[in-house]
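A.B. asks: I'd like to ask some things about the structure below.
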Amino acid sequence: MSVAHPIIAVTGSSGAGTSSVKNTFEDIFRRGGIKPVVVEGDSFHRYDRKEMRAEVVKAQEQGIALTHFGPEANCLDRLESLFQTYAETGKGQRRYYIHSDTEGIPFNQPAGTFTPWEEIEGNTDLLFYEGLHGGAVTDEVNIARFVDLMIGVVPVINLEWIQKIKRDCVNRGYSQEAVVDIILKRMPDYFYHITPQFSRTHINFQRVPLVDTSNPFAMREIPTADESLVVIRFKDPKTADFPYYLSMLKGSFMSRPNNLVVPAVKLGLAMGIILAPFIEKIIEKKRHLN
């Protein structure tokens with residue numbers, strides 16, 4: 001952790017909805033005049049899209065499931081090095097993963113490739129990471145130790161699967177059978193490398209549907225915000241202003257001393273109300289050093 005060069009990480013699996021939290025942070029940064037360096041977890045995958053397909057086939061021939069959830073398919077040592085270097089100096093190296101041909105136009109690169117590694121520009125206020133492994137700890141790396149504020153985005157598992165199936169089929173052209181196959185192959189890595197991070201997070205946002213999702217593979221539509229609640233868990237309840245949250249978020253209630261429940265339609269407002277003060281404190285401590 002670093003007062004001079006703080007790091008914020010949003011972690012959650014593919015299809016969990018980390019993008020909504022990222023949008024909230026972007027609003028907070030803009031309103032606060034905060035200059036972040038943004039790092040995407042996908043850019044620390046070990047293989048580009050073509051290479052990954054080949055490596056998956058090789059692994060299958062050996063009876064191994066190679067997935068992006070596990071350390072074998074990622075450069076976690078390089079991510080740890082970035083976090084450590086940034087925390088100490090405010091510098092480090094990053095690159096971009098090109099998700100689509102449109103994203104690749106400015107770089108003159110096709111989808112599924114990485115841009116070259118480049119040095120982070122100086123004079124940033126903080127590093128903001130969004131991806132799979134912001135709180136990862138293995139026998140080889142401990143990324144979580146460098147994070148000043150770690151946010152988990154964790155829909156209940158059936159809802160997470162529904163969101164992934166819908167997204168990958170509609171936006172990425174996969175068949176449902178292919179997406180389900182990916183989900184099944186990822187389960188061991190999900191269990192060993194993704195879920196443990198949510199015990200290290202400072203705050204978790206877990207969306208819970210209020211409709212029957214017993215068979216997520218038969219669901220044709222994602223439960224709407226009107227059909228969901230969000231459970232917000234604080235690792236340290238002393239950092240939370242629960243009376244204020246309850247007064248500002250109509251329909252909210254506390255289910256445990258460190259758990260706030262809000263209607264999912266209020267999620268964006270809840271994130272802003274809860275997260276903005278955390279960022280303000282981090283930046284205030286940083287500026288007091290100068």
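In the structure tokens, the first chain shown is A, the next is B, and so on; residue numbers restart at 1 for each chain, and ligands run from 1 in the order shown.
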Given only C-alpha atoms, how would the per-residue table for range 70-135 of chain A near range 165-175 of chain A read, listing every residue at most 12 Å away with its closest atom pair and distance in Å to one decimal, sorted by chain and number, as CSV?
C.D. replies:
```
residue,atom,partner,partner_atom,distance
A:His99,CA,A:Arg172,CA,10.1
A:Ser100,CA,A:Arg172,CA,9.7
A:Ala111,CA,A:Arg172,CA,11.9
```
A.B. asks: Emit the selected residues as a compact mmCIF listing (two decimals), in the first residue's frame, including N, CA and C atoms.
C.D. replies:
```
# COMPACT_ATOMS: atom_id res chain seq x y z
N HIS A 99 -9.68 -5.60 -27.92
CA HIS A 99 -10.84 -6.48 -27.86
C HIS A 99 -11.56 -6.60 -29.19
N SER A 100 -11.56 -5.56 -29.97
CA SER A 100 -12.31 -5.55 -31.22
C SER A 100 -11.52 -4.82 -32.30
N ALA A 111 -8.05 -7.26 -33.76
CA ALA A 111 -8.60 -7.70 -32.48
C ALA A 111 -7.85 -8.93 -31.99
```
A.B. asks: Got a sec to tell me which of range 86-206 of chain A DSSP assigns to alpha helix (DSSP H), as a ChimeraX atom specification?
C.D. replies: /A:86-89,101-104,157-171,176-189
A.B. asks: If we count only C-alpha atoms, what is near Ala270 in chain A at a cut-off of 12 Å, once residues fewer than 3 positions away on the same chain are taken out, given as a PyMOL selection string?
C.D. replies: chain A and resi 20-21+24+205+229-232+242+244-252+260-267+273-277
A.B. asks: Got a sec: who's within 10 Å of Pro196 in chain A, counting only C-alpha atoms, leaving out chain neighbours fewer than 4 positions off, as number ranges by chain?
C.D. replies: A: 135-137, 190-192, 200-201
A.B. asks: Could you please take those selected residues and save all heavy atoms as a PDB file, in the first residue's frame?
C.D. replies:
```
ATOM      1  N   GLY A 135      -6.815  -8.828  -6.614  1.00  0.00           N
ATOM      2  CA  GLY A 135      -6.527  -9.254  -5.246  1.00  0.00           C
ATOM      3  C   GLY A 135      -5.924 -10.636  -5.186  1.00  0.00           C
ATOM      4  O   GLY A 135      -6.057 -11.343  -4.187  1.00  0.00           O
ATOM      5  N   ALA A 136      -5.243 -11.037  -6.254  1.00  0.00           N
ATOM      6  CA  ALA A 136      -4.725 -12.405  -6.353  1.00  0.00           C
ATOM      7  C   ALA A 136      -3.550 -12.637  -5.407  1.00  0.00           C
ATOM      8  O   ALA A 136      -2.694 -11.767  -5.225  1.00  0.00           O
ATOM      9  CB  ALA A 136      -4.303 -12.698  -7.787  1.00  0.00           C
ATOM     10  N   VAL A 137      -3.536 -13.838  -4.830  1.00  0.00           N
ATOM     11  CA  VAL A 137      -2.415 -14.299  -4.015  1.00  0.00           C
ATOM     12  C   VAL A 137      -2.163 -15.760  -4.376  1.00  0.00           C
ATOM     13  O   VAL A 137      -3.083 -16.577  -4.332  1.00  0.00           O
ATOM     14  CB  VAL A 137      -2.713 -14.191  -2.506  1.00  0.00           C
ATOM     15  CG1 VAL A 137      -1.555 -14.782  -1.689  1.00  0.00           C
ATOM     16  CG2 VAL A 137      -2.962 -12.741  -2.102  1.00  0.00           C
ATOM     17  N   TYR A 190     -11.910 -20.865 -11.054  1.00  0.00           N
ATOM     18  CA  TYR A 190     -12.813 -19.934 -10.385  1.00  0.00           C
ATOM     19  C   TYR A 190     -12.772 -20.178  -8.878  1.00  0.00           C
ATOM     20  O   TYR A 190     -12.680 -19.247  -8.076  1.00  0.00           O
ATOM     21  CB  TYR A 190     -14.238 -20.102 -10.918  1.00  0.00           C
ATOM     22  CG  TYR A 190     -15.237 -19.111 -10.362  1.00  0.00           C
ATOM     23  CD1 TYR A 190     -15.445 -17.879 -10.994  1.00  0.00           C
ATOM     24  CD2 TYR A 190     -15.970 -19.383  -9.212  1.00  0.00           C
ATOM     25  CE1 TYR A 190     -16.354 -16.967 -10.499  1.00  0.00           C
ATOM     26  CE2 TYR A 190     -16.878 -18.470  -8.699  1.00  0.00           C
ATOM     27  CZ  TYR A 190     -17.065 -17.263  -9.347  1.00  0.00           C
ATOM     28  OH  TYR A 190     -17.955 -16.358  -8.833  1.00  0.00           O
ATOM     29  N   PHE A 191     -12.814 -21.452  -8.512  1.00  0.00           N
ATOM     30  CA  PHE A 191     -12.840 -21.833  -7.096  1.00  0.00           C
ATOM     31  C   PHE A 191     -11.529 -21.472  -6.402  1.00  0.00           C
ATOM     32  O   PHE A 191     -11.529 -20.919  -5.290  1.00  0.00           O
ATOM     33  CB  PHE A 191     -13.099 -23.339  -6.968  1.00  0.00           C
ATOM     34  CG  PHE A 191     -13.083 -23.852  -5.560  1.00  0.00           C
ATOM     35  CD1 PHE A 191     -14.194 -23.727  -4.739  1.00  0.00           C
ATOM     36  CD2 PHE A 191     -11.943 -24.451  -5.044  1.00  0.00           C
ATOM     37  CE1 PHE A 191     -14.165 -24.193  -3.430  1.00  0.00           C
ATOM     38  CE2 PHE A 191     -11.906 -24.919  -3.745  1.00  0.00           C
ATOM     39  CZ  PHE A 191     -13.022 -24.799  -2.937  1.00  0.00           C
ATOM     40  N   TYR A 192     -10.405 -21.758  -7.039  1.00  0.00           N
ATOM     41  CA  TYR A 192      -9.109 -21.601  -6.389  1.00  0.00           C
ATOM     42  C   TYR A 192      -8.508 -20.204  -6.521  1.00  0.00           C
ATOM     43  O   TYR A 192      -7.721 -19.786  -5.658  1.00  0.00           O
ATOM     44  CB  TYR A 192      -8.111 -22.625  -6.951  1.00  0.00           C
ATOM     45  CG  TYR A 192      -8.375 -24.037  -6.481  1.00  0.00           C
ATOM     46  CD1 TYR A 192      -8.858 -25.000  -7.366  1.00  0.00           C
ATOM     47  CD2 TYR A 192      -8.167 -24.415  -5.157  1.00  0.00           C
ATOM     48  CE1 TYR A 192      -9.114 -26.300  -6.946  1.00  0.00           C
ATOM     49  CE2 TYR A 192      -8.422 -25.711  -4.731  1.00  0.00           C
ATOM     50  CZ  TYR A 192      -8.893 -26.652  -5.626  1.00  0.00           C
ATOM     51  OH  TYR A 192      -9.156 -27.929  -5.200  1.00  0.00           O
ATOM     52  N   ARG A 200     -10.592 -10.803   0.578  1.00  0.00           N
ATOM     53  CA  ARG A 200      -9.541  -9.796   0.773  1.00  0.00           C
ATOM     54  C   ARG A 200     -10.030  -8.386   0.429  1.00  0.00           C
ATOM     55  O   ARG A 200      -9.343  -7.409   0.733  1.00  0.00           O
ATOM     56  CB  ARG A 200      -8.320 -10.136  -0.092  1.00  0.00           C
ATOM     57  CG  ARG A 200      -7.781 -11.533   0.143  1.00  0.00           C
ATOM     58  CD  ARG A 200      -6.595 -11.866  -0.761  1.00  0.00           C
ATOM     59  NE  ARG A 200      -6.293 -13.288  -0.670  1.00  0.00           N
ATOM     60  CZ  ARG A 200      -6.316 -14.133  -1.696  1.00  0.00           C
ATOM     61  NH1 ARG A 200      -6.580 -13.673  -2.919  1.00  0.00           N
ATOM     62  NH2 ARG A 200      -6.066 -15.407  -1.521  1.00  0.00           N
ATOM     63  N   THR A 201     -11.157  -8.287  -0.228  1.00  0.00           N
ATOM     64  CA  THR A 201     -11.661  -6.986  -0.662  1.00  0.00           C
ATOM     65  C   THR A 201     -12.109  -6.141   0.527  1.00  0.00           C
ATOM     66  O   THR A 201     -12.513  -6.658   1.566  1.00  0.00           O
ATOM     67  CB  THR A 201     -12.860  -7.173  -1.611  1.00  0.00           C
ATOM     68  OG1 THR A 201     -13.760  -8.126  -1.041  1.00  0.00           O
ATOM     69  CG2 THR A 201     -12.411  -7.689  -2.965  1.00  0.00           C
TER      70      THR A 201
END
```
A.B. asks: So, counting only C-alpha atoms, which residue among A:Ile64, A:Leu149, A:Met219, A:Val37 is closest to Glu119 in chain A?
C.D. replies: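 That would be A:Val37, the residue with the smallest distance to Glu119 in chain A.
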A.B. asks: Have a look at A:Phe114, A:Tyr96, A:Phe107, A:Phe25 and name the one nearest to Leu126 in chain A; count only C-alpha atoms.
C.D. replies: A:Phe25
A.B. asks: From the list A:Lys185, A:Gln93, A:Leu82, A:Trp117, which residue is nearest Ala59 in chain A when using only C-alpha atoms?
C.D. replies: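 Using only C-alpha atoms, Ala59 in chain A sits closest to A:Lys185.
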A.B. asks: Determine the nearest neighbour of Met271 in chain A from the options A:Pro6, A:Thr195, A:Phe83, A:Val153, counting only C-alpha atoms.
C.D. replies: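 Among the listed residues, A:Val153 lies closest to Met271 in chain A.
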A.B. asks: Quick check, in Å to one decimal: how far apart do CA of Leu127 in chain A and CA of Ile7 in chain A lie?
C.D. replies: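 Straight-line distance from CA of Leu127 in chain A to CA of Ile7 in chain A works out to 4.8 Å.
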A.B. asks: Excluding Ile282 in chain A and residues on its chain fewer than 4 positions from it, collect all residues at most 8 Å away from it, counting only C-alpha atoms, and give them as a VMD selection string.
C.D. replies: chain A and resid 3 6 278 286
A.B. asks: When you count only C-alpha atoms, which of these residues is closest to Ile34 in chain A: A:Glu280, A:Asp125, A:Ser255, A:Asp212?
C.D. replies: A:Asp125
A.B. asks: What does the distance from CA of Arg31 in chain A to CA of Tyr97 in chain A come to in Å, to one decimal?
C.D. replies: 27.6 Å
A.B. asks: Pick out the closest residue to Ser228 in chain A from this set: A:Val156, A:Val208, A:Cys75, A:Val180. Count only C-alpha atoms.
C.D. replies: A:Val208
A.B. asks: At what distance in Å, to one decimal, does CA of His45 in chain A lie from CA of Arg94 in chain A?
C.D. replies: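 Between CA of Arg94 in chain A and CA of His45 in chain A the gap works out to 11.9 Å.
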A.B. asks: Which residues come within 10 Å of Ile151 in chain A, counting only C-alpha atoms, excluding same-chain residues fewer than 6 positions away, as a list of chain:residue names?
C.D. replies: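 My list of contacting residues is A:Ile8, A:Ala9, A:Val10, A:Thr11, A:Gly12, A:Thr18, A:Val21, A:Glu130, A:Gly134, A:Gly135, A:Gln197, A:Phe198, A:Arg200, A:Thr201, A:His202, A:Ile203, A:Asn204, A:Phe205, A:Phe234, A:Leu275.
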A.B. asks: Let me see the file: selected residues, all heavy atoms, as a compact mmCIF listing (two decimals), in the first residue's frame.
C.D. replies:
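Output contents, as saved in again_30.txt:
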```txt
# COMPACT_ATOMS: atom_id res chain seq x y z
N ILE A 8 -6.07 1.44 -6.65
CA ILE A 8 -7.45 0.97 -6.47
C ILE A 8 -7.67 -0.17 -7.44
O ILE A 8 -7.32 -0.07 -8.62
CB ILE A 8 -8.46 2.10 -6.74
CG1 ILE A 8 -8.25 3.25 -5.75
CG2 ILE A 8 -9.89 1.59 -6.66
CD1 ILE A 8 -9.07 4.48 -6.08
N ALA A 9 -8.26 -1.26 -6.96
CA ALA A 9 -8.50 -2.42 -7.83
C ALA A 9 -9.95 -2.85 -7.72
O ALA A 9 -10.48 -3.01 -6.62
CB ALA A 9 -7.58 -3.58 -7.44
N VAL A 10 -10.56 -3.03 -8.87
CA VAL A 10 -11.90 -3.62 -8.97
C VAL A 10 -11.72 -5.01 -9.55
O VAL A 10 -11.20 -5.16 -10.66
CB VAL A 10 -12.83 -2.78 -9.86
CG1 VAL A 10 -14.18 -3.47 -10.02
CG2 VAL A 10 -13.01 -1.38 -9.27
N THR A 11 -12.14 -6.01 -8.81
CA THR A 11 -11.92 -7.38 -9.26
C THR A 11 -13.23 -8.14 -9.32
O THR A 11 -14.11 -7.97 -8.48
CB THR A 11 -10.91 -8.10 -8.35
OG1 THR A 11 -10.55 -9.36 -8.92
CG2 THR A 11 -11.46 -8.32 -6.97
N GLY A 12 -13.36 -8.97 -10.34
CA GLY A 12 -14.56 -9.78 -10.53
C GLY A 12 -14.38 -10.61 -11.77
O GLY A 12 -13.56 -10.28 -12.64
N THR A 18 -18.13 -5.75 -13.64
CA THR A 18 -17.14 -4.80 -13.14
C THR A 18 -17.17 -3.48 -13.90
O THR A 18 -16.75 -2.45 -13.37
CB THR A 18 -15.72 -5.39 -13.23
OG1 THR A 18 -15.45 -5.80 -14.57
CG2 THR A 18 -15.56 -6.59 -12.29
N VAL A 21 -18.95 -0.62 -12.09
CA VAL A 21 -18.15 -0.01 -11.04
C VAL A 21 -17.08 0.90 -11.66
O VAL A 21 -16.81 2.00 -11.15
CB VAL A 21 -17.49 -1.09 -10.16
CG1 VAL A 21 -16.75 -0.43 -8.99
CG2 VAL A 21 -18.52 -2.06 -9.63
N GLU A 130 -8.87 -2.74 -13.27
CA GLU A 130 -10.16 -3.45 -13.37
C GLU A 130 -9.92 -4.75 -14.12
O GLU A 130 -9.43 -4.74 -15.25
CB GLU A 130 -11.18 -2.58 -14.10
CG GLU A 130 -12.57 -3.20 -14.17
CD GLU A 130 -12.88 -3.78 -15.54
OE1 GLU A 130 -12.36 -3.26 -16.53
OE2 GLU A 130 -13.64 -4.78 -15.60
N GLY A 134 -7.07 -8.49 -9.34
CA GLY A 134 -6.63 -7.36 -8.54
C GLY A 134 -6.30 -7.70 -7.10
O GLY A 134 -5.58 -6.96 -6.43
N GLY A 135 -6.82 -8.83 -6.61
CA GLY A 135 -6.53 -9.25 -5.25
C GLY A 135 -5.92 -10.64 -5.19
O GLY A 135 -6.06 -11.34 -4.19
N GLN A 197 -10.33 -14.07 -3.59
CA GLN A 197 -10.06 -12.63 -3.59
C GLN A 197 -11.15 -11.85 -2.86
O GLN A 197 -10.88 -10.79 -2.29
CB GLN A 197 -9.95 -12.12 -5.03
CG GLN A 197 -8.78 -12.70 -5.82
CD GLN A 197 -8.71 -12.13 -7.21
OE1 GLN A 197 -8.22 -11.01 -7.40
NE2 GLN A 197 -9.20 -12.87 -8.20
N PHE A 198 -12.37 -12.38 -2.86
CA PHE A 198 -13.48 -11.63 -2.29
C PHE A 198 -13.48 -11.65 -0.76
O PHE A 198 -14.30 -10.96 -0.14
CB PHE A 198 -14.80 -12.16 -2.85
CG PHE A 198 -14.87 -12.09 -4.36
CD1 PHE A 198 -15.19 -13.20 -5.11
CD2 PHE A 198 -14.59 -10.90 -5.01
CE1 PHE A 198 -15.22 -13.13 -6.49
CE2 PHE A 198 -14.61 -10.83 -6.40
CZ PHE A 198 -14.94 -11.95 -7.14
N ARG A 200 -10.59 -10.80 0.58
CA ARG A 200 -9.54 -9.80 0.77
C ARG A 200 -10.03 -8.39 0.43
O ARG A 200 -9.34 -7.41 0.73
CB ARG A 200 -8.32 -10.14 -0.09
CG ARG A 200 -7.78 -11.53 0.14
CD ARG A 200 -6.60 -11.87 -0.76
NE ARG A 200 -6.29 -13.29 -0.67
CZ ARG A 200 -6.32 -14.13 -1.70
NH1 ARG A 200 -6.58 -13.67 -2.92
NH2 ARG A 200 -6.07 -15.41 -1.52
N THR A 201 -11.16 -8.29 -0.23
CA THR A 201 -11.66 -6.99 -0.66
C THR A 201 -12.11 -6.14 0.53
O THR A 201 -12.51 -6.66 1.57
CB THR A 201 -12.86 -7.17 -1.61
OG1 THR A 201 -13.76 -8.13 -1.04
CG2 THR A 201 -12.41 -7.69 -2.96
N HIS A 202 -12.07 -4.83 0.34
CA HIS A 202 -12.57 -3.92 1.37
C HIS A 202 -14.09 -3.79 1.30
O HIS A 202 -14.75 -3.66 2.33
CB HIS A 202 -11.92 -2.54 1.20
CG HIS A 202 -10.44 -2.56 1.38
ND1 HIS A 202 -9.56 -2.59 0.32
CD2 HIS A 202 -9.67 -2.57 2.49
CE1 HIS A 202 -8.31 -2.61 0.77
NE2 HIS A 202 -8.35 -2.59 2.08
N ILE A 203 -14.62 -3.82 0.07
CA ILE A 203 -16.07 -3.73 -0.14
C ILE A 203 -16.46 -4.68 -1.27
O ILE A 203 -15.78 -4.73 -2.29
CB ILE A 203 -16.52 -2.30 -0.52
CG1 ILE A 203 -16.02 -1.27 0.50
CG2 ILE A 203 -18.04 -2.21 -0.64
CD1 ILE A 203 -16.27 0.17 0.09
N ASN A 204 -17.54 -5.42 -1.07
CA ASN A 204 -18.09 -6.27 -2.13
C ASN A 204 -19.48 -5.79 -2.50
O ASN A 204 -20.28 -5.42 -1.62
CB ASN A 204 -18.20 -7.73 -1.68
CG ASN A 204 -16.87 -8.45 -1.71
OD1 ASN A 204 -15.97 -8.06 -2.45
ND2 ASN A 204 -16.75 -9.50 -0.91
N PHE A 205 -19.78 -5.82 -3.80
CA PHE A 205 -21.12 -5.55 -4.30
C PHE A 205 -21.63 -6.85 -4.93
O PHE A 205 -21.10 -7.30 -5.94
CB PHE A 205 -21.09 -4.44 -5.36
CG PHE A 205 -20.75 -3.08 -4.82
CD1 PHE A 205 -19.42 -2.68 -4.73
CD2 PHE A 205 -21.73 -2.21 -4.40
CE1 PHE A 205 -19.08 -1.43 -4.23
CE2 PHE A 205 -21.41 -0.95 -3.91
CZ PHE A 205 -20.07 -0.56 -3.83
N PHE A 234 -19.02 -4.69 3.84
CA PHE A 234 -17.84 -3.91 4.23
C PHE A 234 -16.95 -4.79 5.11
O PHE A 234 -17.42 -5.34 6.11
CB PHE A 234 -18.24 -2.66 5.01
CG PHE A 234 -19.05 -1.68 4.20
CD1 PHE A 234 -20.42 -1.86 4.01
CD2 PHE A 234 -18.45 -0.57 3.63
CE1 PHE A 234 -21.17 -0.96 3.28
CE2 PHE A 234 -19.20 0.34 2.89
CZ PHE A 234 -20.55 0.14 2.71
N LEU A 275 -18.43 5.09 -2.40
CA LEU A 275 -17.04 5.07 -2.85
C LEU A 275 -16.37 6.44 -2.87
O LEU A 275 -15.17 6.55 -2.64
CB LEU A 275 -16.95 4.42 -4.23
CG LEU A 275 -17.39 2.95 -4.29
CD1 LEU A 275 -17.37 2.46 -5.74
CD2 LEU A 275 -16.51 2.08 -3.43
```
